[in-house]
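Visitor: Sharing upload_37.txt here; it has compact mmCIF, C-alpha atoms.
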# COMPACT_ATOMS: atom_id res chain seq x y z
CA MET A 1 -12.81 9.87 8.16
CA TYR A 2 -9.87 11.10 10.24
CA CYS A 3 -9.47 13.37 13.28
CA THR A 4 -6.17 15.30 13.43
CA ASN A 5 -6.69 16.08 17.13
CA CYS A 6 -7.21 12.47 18.23
CA ASP A 7 -4.96 11.01 15.48
CA CYS A 8 -7.65 8.41 14.86
CA GLU A 9 -9.68 7.14 11.89
CA TYR A 10 -13.48 6.86 12.32
CA ASP A 11 -15.22 4.59 9.84
CA GLY A 12 -18.90 5.45 9.44
CA TRP A 13 -18.75 8.90 11.07
CA SER A 14 -19.02 12.20 9.21
CA VAL A 15 -18.56 15.94 9.86
CA LYS A 16 -17.47 15.88 13.55
CA CYS A 17 -15.24 13.64 15.65
CA PRO A 18 -17.32 11.54 18.11
CA THR A 19 -14.64 12.08 20.79
CA CYS A 20 -13.49 15.71 20.64
CA LYS A 21 -16.12 17.14 18.22
CA GLN A 22 -13.44 18.56 15.90
CA GLN A 23 -14.25 18.53 12.20
CA LEU A 24 -13.23 15.28 10.52
CA LEU A 25 -11.13 15.06 7.36
CA ASP A 26 -11.96 12.71 4.51
CA GLU A 27 -8.64 10.92 4.99
CA LYS A 28 -5.46 11.08 7.02
CA PRO A 29 -3.20 13.91 5.77
CA LYS A 30 -0.15 12.81 3.84
CA THR A 31 3.20 14.14 5.02
CA PHE A 32 5.11 15.66 2.15
CA THR A 33 8.79 14.73 1.88
CA PRO A 34 10.93 16.19 -0.91
CA VAL A 35 12.56 13.53 -3.08
CA ASN A 36 15.42 15.45 -4.66
CA GLY A 37 17.19 18.47 -3.15
CA HIS A 38 18.31 21.41 -5.24
CA LEU A 39 20.20 23.66 -2.81
CA ASP A 40 21.67 23.03 0.62
CA TYR A 41 19.93 25.10 3.27
CA ASP A 42 22.92 27.42 3.75
CA GLU A 43 23.07 27.94 -0.01
CA LEU A 44 19.36 28.79 -0.07
CA VAL A 45 19.82 31.33 2.73
CA ALA A 46 22.81 32.87 0.94
CA TRP A 47 20.84 33.10 -2.32
CA ILE A 48 18.03 35.04 -0.64
CA GLU A 49 20.53 37.26 1.19
CA LYS A 50 22.00 38.24 -2.19
CA GLN A 51 18.54 39.51 -3.15
CA GLY A 52 18.48 41.87 -0.17
CA ASN A 53 17.12 39.26 2.29
CA LEU A 54 13.82 39.17 0.39
CA LEU A 55 12.75 37.09 -2.62
CA GLU A 56 9.27 37.18 -4.18
CA PHE A 57 7.75 35.29 -7.10
CA GLU A 58 4.47 33.71 -8.19
CA LEU A 59 3.13 30.20 -7.61
CA SER A 60 0.39 28.69 -9.77
CA ALA A 61 -2.20 26.04 -8.99
CA ASN A 62 -1.25 22.67 -10.46
CA GLN A 63 -4.08 20.61 -8.94
CA VAL A 64 -7.49 21.62 -7.56
CA ASN A 65 -9.79 19.28 -5.62
CA ARG A 66 -13.59 19.60 -5.59
CA LYS A 67 -16.21 17.65 -3.66
CA LYS A 68 -19.92 18.01 -3.03
CA SER A 69 -22.65 16.68 -0.77
CA THR A 70 -26.42 17.09 -0.38
CA ARG A 71 -28.94 17.23 2.41
CA PHE A 72 -32.73 16.87 2.31
CA PRO A 73 -34.69 18.52 0.82
CA TYR A 74 -32.78 20.85 -1.54
CA MET A 75 -29.50 21.77 0.15
CA GLY A 76 -26.28 21.28 -1.78
CA PHE A 77 -22.78 21.91 -0.44
CA GLY A 78 -19.74 22.41 -2.64
CA TYR A 79 -16.13 22.28 -1.40
CA ALA A 80 -12.98 23.21 -3.33
CA TRP A 81 -9.36 23.88 -2.46
CA THR A 82 -5.98 24.22 -4.12
CA GLN A 83 -4.23 20.88 -3.68
CA THR A 84 -0.84 21.58 -5.29
CA MET A 85 1.04 24.82 -6.05
CA LEU A 86 4.15 25.04 -8.25
CA GLY A 87 6.54 27.83 -9.18
CA GLY A 88 10.14 28.93 -9.23
CA LYS A 89 12.73 31.57 -9.89
CA ASP A 90 16.24 30.87 -11.14
CA GLU A 91 17.59 27.93 -9.09
CA ILE A 92 14.77 27.95 -6.54
CA GLN A 93 11.89 25.63 -7.37
CA VAL A 94 8.89 25.39 -5.03
CA GLU A 95 6.22 22.71 -4.64
CA LEU A 96 3.51 22.94 -1.98
CA VAL A 97 0.89 20.27 -1.27
CA THR A 98 -2.20 20.65 0.91
CA SER A 99 -1.88 18.36 3.95
CA VAL A 100 -4.91 19.53 5.99
CA VAL A 101 -8.22 20.68 4.47
CA GLY A 102 -10.69 22.88 6.34
CA LYS A 103 -14.42 22.48 5.68
CA ASP A 104 -17.56 24.16 6.92
CA ARG A 105 -21.19 24.47 5.85
CA GLU A 106 -24.27 26.48 6.71
CA THR A 107 -27.89 26.76 5.67
CA THR A 108 -30.09 29.82 5.12
CA PHE A 109 -33.87 30.01 4.94
CA PRO A 110 -35.66 28.30 3.42
CA TYR A 111 -33.57 25.50 1.84
CA LYS A 112 -30.30 27.05 0.69
CA GLY A 113 -27.03 25.26 1.48
CA HIS A 114 -23.57 26.83 1.45
CA GLY A 115 -20.40 24.72 1.58
CA TYR A 116 -16.89 26.03 2.21
CA GLY A 117 -13.52 24.36 1.64
CA TRP A 118 -9.97 25.71 2.00
CA GLN A 119 -6.41 24.59 2.65
CA GLN A 120 -5.64 24.83 6.38
CA GLU A 121 -2.09 23.51 6.10
CA MET A 122 0.39 23.02 3.26
CA GLN A 123 3.69 21.17 3.29
CA GLY A 124 6.32 21.22 0.62
CA SER A 125 9.76 21.86 -0.70
CA ILE A 126 11.66 25.09 -1.34
CA ALA A 127 14.71 24.19 -3.42
CA GLY A 128 14.59 20.78 -1.75
CA ASN A 129 14.22 22.14 1.80
CA GLN A 130 11.05 21.15 3.64
CA CYS A 131 8.60 23.73 4.96
CA THR A 132 5.12 23.83 6.53
CA LEU A 133 2.60 26.66 6.18
CA GLN A 134 -0.57 27.37 8.19
CA ALA A 135 -3.58 29.43 7.11
CA THR A 136 -3.63 32.87 8.76
CA SER A 137 -6.50 34.40 6.78
CA VAL A 138 -9.49 32.60 5.21
CA ASN A 139 -12.17 34.45 3.23
CA ARG A 140 -15.67 33.24 2.50
CA LYS A 141 -18.74 34.53 0.73
CA LYS A 142 -22.19 33.20 -0.12
CA THR A 143 -24.77 33.88 -2.80
CA TRP A 144 -28.09 32.37 -3.85
CA ARG A 145 -30.39 32.11 -6.84
CA PHE A 146 -34.17 31.64 -6.99
CA PRO A 147 -35.77 29.52 -5.69
CA TYR A 148 -33.48 27.43 -3.44
CA PHE A 149 -30.00 27.47 -4.99
CA GLY A 150 -27.31 28.35 -2.44
CA TYR A 151 -23.62 28.82 -3.25
CA GLY A 152 -20.77 29.02 -0.75
CA TYR A 153 -17.22 30.13 -1.57
CA ALA A 154 -14.12 30.00 0.64
CA TRP A 155 -10.42 30.36 -0.03
CA THR A 156 -7.20 30.74 1.94
CA ASP A 157 -6.16 34.34 1.41
CA GLN A 158 -2.88 34.09 3.34
CA MET A 159 -0.58 31.42 4.77
CA GLN A 160 2.58 31.72 6.82
CA GLY A 161 5.32 29.41 8.05
CA GLN A 162 9.04 28.76 8.13
CA CYS A 163 11.65 26.94 6.13
CA GLY A 164 14.32 25.94 8.59
CA ASP A 165 15.20 28.34 11.39
CA ARG A 166 16.13 31.40 9.31
CA ILE A 167 13.60 31.72 6.45
CA THR A 168 10.03 32.94 6.91
CA VAL A 169 7.54 32.01 4.20
CA THR A 170 4.38 33.96 3.33
CA LEU A 171 1.74 33.20 0.71
CA LYS A 172 -0.72 35.89 -0.38
CA ALA A 173 -3.54 35.13 -2.82
CA SER A 174 -3.36 37.17 -6.03
CA LYS A 175 -5.97 35.39 -8.18
CA VAL A 176 -9.07 33.59 -6.91
CA ILE A 177 -11.43 31.59 -9.12
CA ARG A 178 -15.10 31.02 -8.29
CA ARG A 179 -17.41 28.55 -10.04
CA SER A 180 -20.94 27.31 -9.44
CA ASN A 181 -23.19 24.58 -10.80
CA TRP A 182 -26.44 22.88 -9.88
CA ARG A 183 -28.22 19.55 -9.99
CA PHE A 184 -31.92 18.74 -10.38
CA PRO A 185 -34.14 19.81 -8.78
CA TYR A 186 -32.66 22.66 -6.66
CA PHE A 187 -29.21 21.62 -5.45
CA GLY A 188 -26.60 24.38 -5.84
CA TYR A 189 -22.86 23.95 -5.43
CA GLY A 190 -20.32 26.76 -5.10
CA TYR A 191 -16.58 26.28 -5.50
CA ALA A 192 -13.67 28.69 -4.95
CA TRP A 193 -9.91 28.19 -4.99
CA VAL A 194 -6.71 30.18 -5.31
CA ASP A 195 -5.19 30.00 -8.79
CA LYS A 196 -2.20 32.28 -8.08
CA TYR A 197 -0.23 33.00 -4.90
CA GLN A 198 2.52 35.55 -4.38
CA LEU A 199 5.30 33.79 -2.44
CA LYS A 200 7.61 35.80 -0.18
CA LEU A 201 10.81 34.32 1.25
CA GLU A 202 12.55 36.44 3.85
CA VAL A 203 15.77 35.75 5.79
CA MET A 204 15.61 36.55 9.49
CA ASN A 205 18.74 38.17 10.92
Any chance you could give the structure as structure tokens?
Guide:
Amino acid sequence: MYCTNCDCEYDGWSVKCPTCKQQLLDEKPKTFTPVNGHLDYDELVAWIEKQGNLLEFELSANQVNRKKSTRFPYMGFGYAWTQTMLGGKDEIQVELVTSVVGKDRETTFPYKGHGYGWQQEMQGSIAGNQCTLQATSVNRKKTWRFPYFGYGYAWTDQMQGQCGDRITVTLKASKVIRRSNWRFPYFGYGYAWVDKYQLKLEVMN
């Protein structure tokens, strides 16, 4: 387990950091570095400027991660998030990879568990130029089914960041998928992730 605040790995701990009490990640986030460039940064800026300083197109989920845990007596917690997003338009190809995952869980009477997972940070490449996005809006919902099945759903509705010093990047969820399953005797697991994002690239004057 890894704490992003302390920049330290804690073997044998779970949920919260023993030092600062921040939520622990399953592993240290990987820094994404683009391998092959497609456009120089000035060329990328010029391309967007030709489109009226604004370029929009769709990204699709390429990889989704799901995990689950249980707690006595019947509480199940499901976590899901979009791990990789891909898309492109003309010469601009985009790849975004989740680098920090957010997780939370709650219980409701009598034995219903609700788990929530979402991407807190994504790093990636826009036509070979590195960018970092942070979650600015996270949605979550919960449902249940008789007698003790609880289902939690969370997804990152919007993310924002920059590519270089002139391009602002915004992601807005356009298609969210929710799934649920259960395990004997009464463990319920809910999963939600974003399948489609609308990407907006805007040049700042």
Visitor: Do you have the atom CA of A:Val45-atom CA of A:Val97 distance handy?
Guide: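 These two atoms are separated by 22.3 Å.
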Visitor: Just give me the gap between atom CA of A:Lys68 and atom CA of A:Lys16 in Å, one decimal is fine.
Guide: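 Those two atoms sit 16.9 Å apart.
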Visitor: I'd like the neighbourhood of A:Thr19 as a ChimeraX atom specification, where a residue qualifies if any of its atoms comes within 12 Å (using only C-alpha atoms), though same-chain residues fewer than 6 positions away should be ignored.
Guide: /A:2-10,13
Visitor: Would you give the centre and edge lengths, in Å to one decimal, of a box along x, y and z around the listed atoms of stretch 141-150 of chain A, with 5 Å added to each side, as lines of an AutoDock Vina configuration file?
Guide:
center_x = -27.3
center_y = 31.0
center_z = -3.1
size_x = 27.0
size_y = 17.1
size_z = 17.7
Visitor: Separation of atom CA of A:Glu121 and atom CA of A:Gly88, in Å?
Guide: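 That distance, rounded to one decimal, is 20.3 Å.
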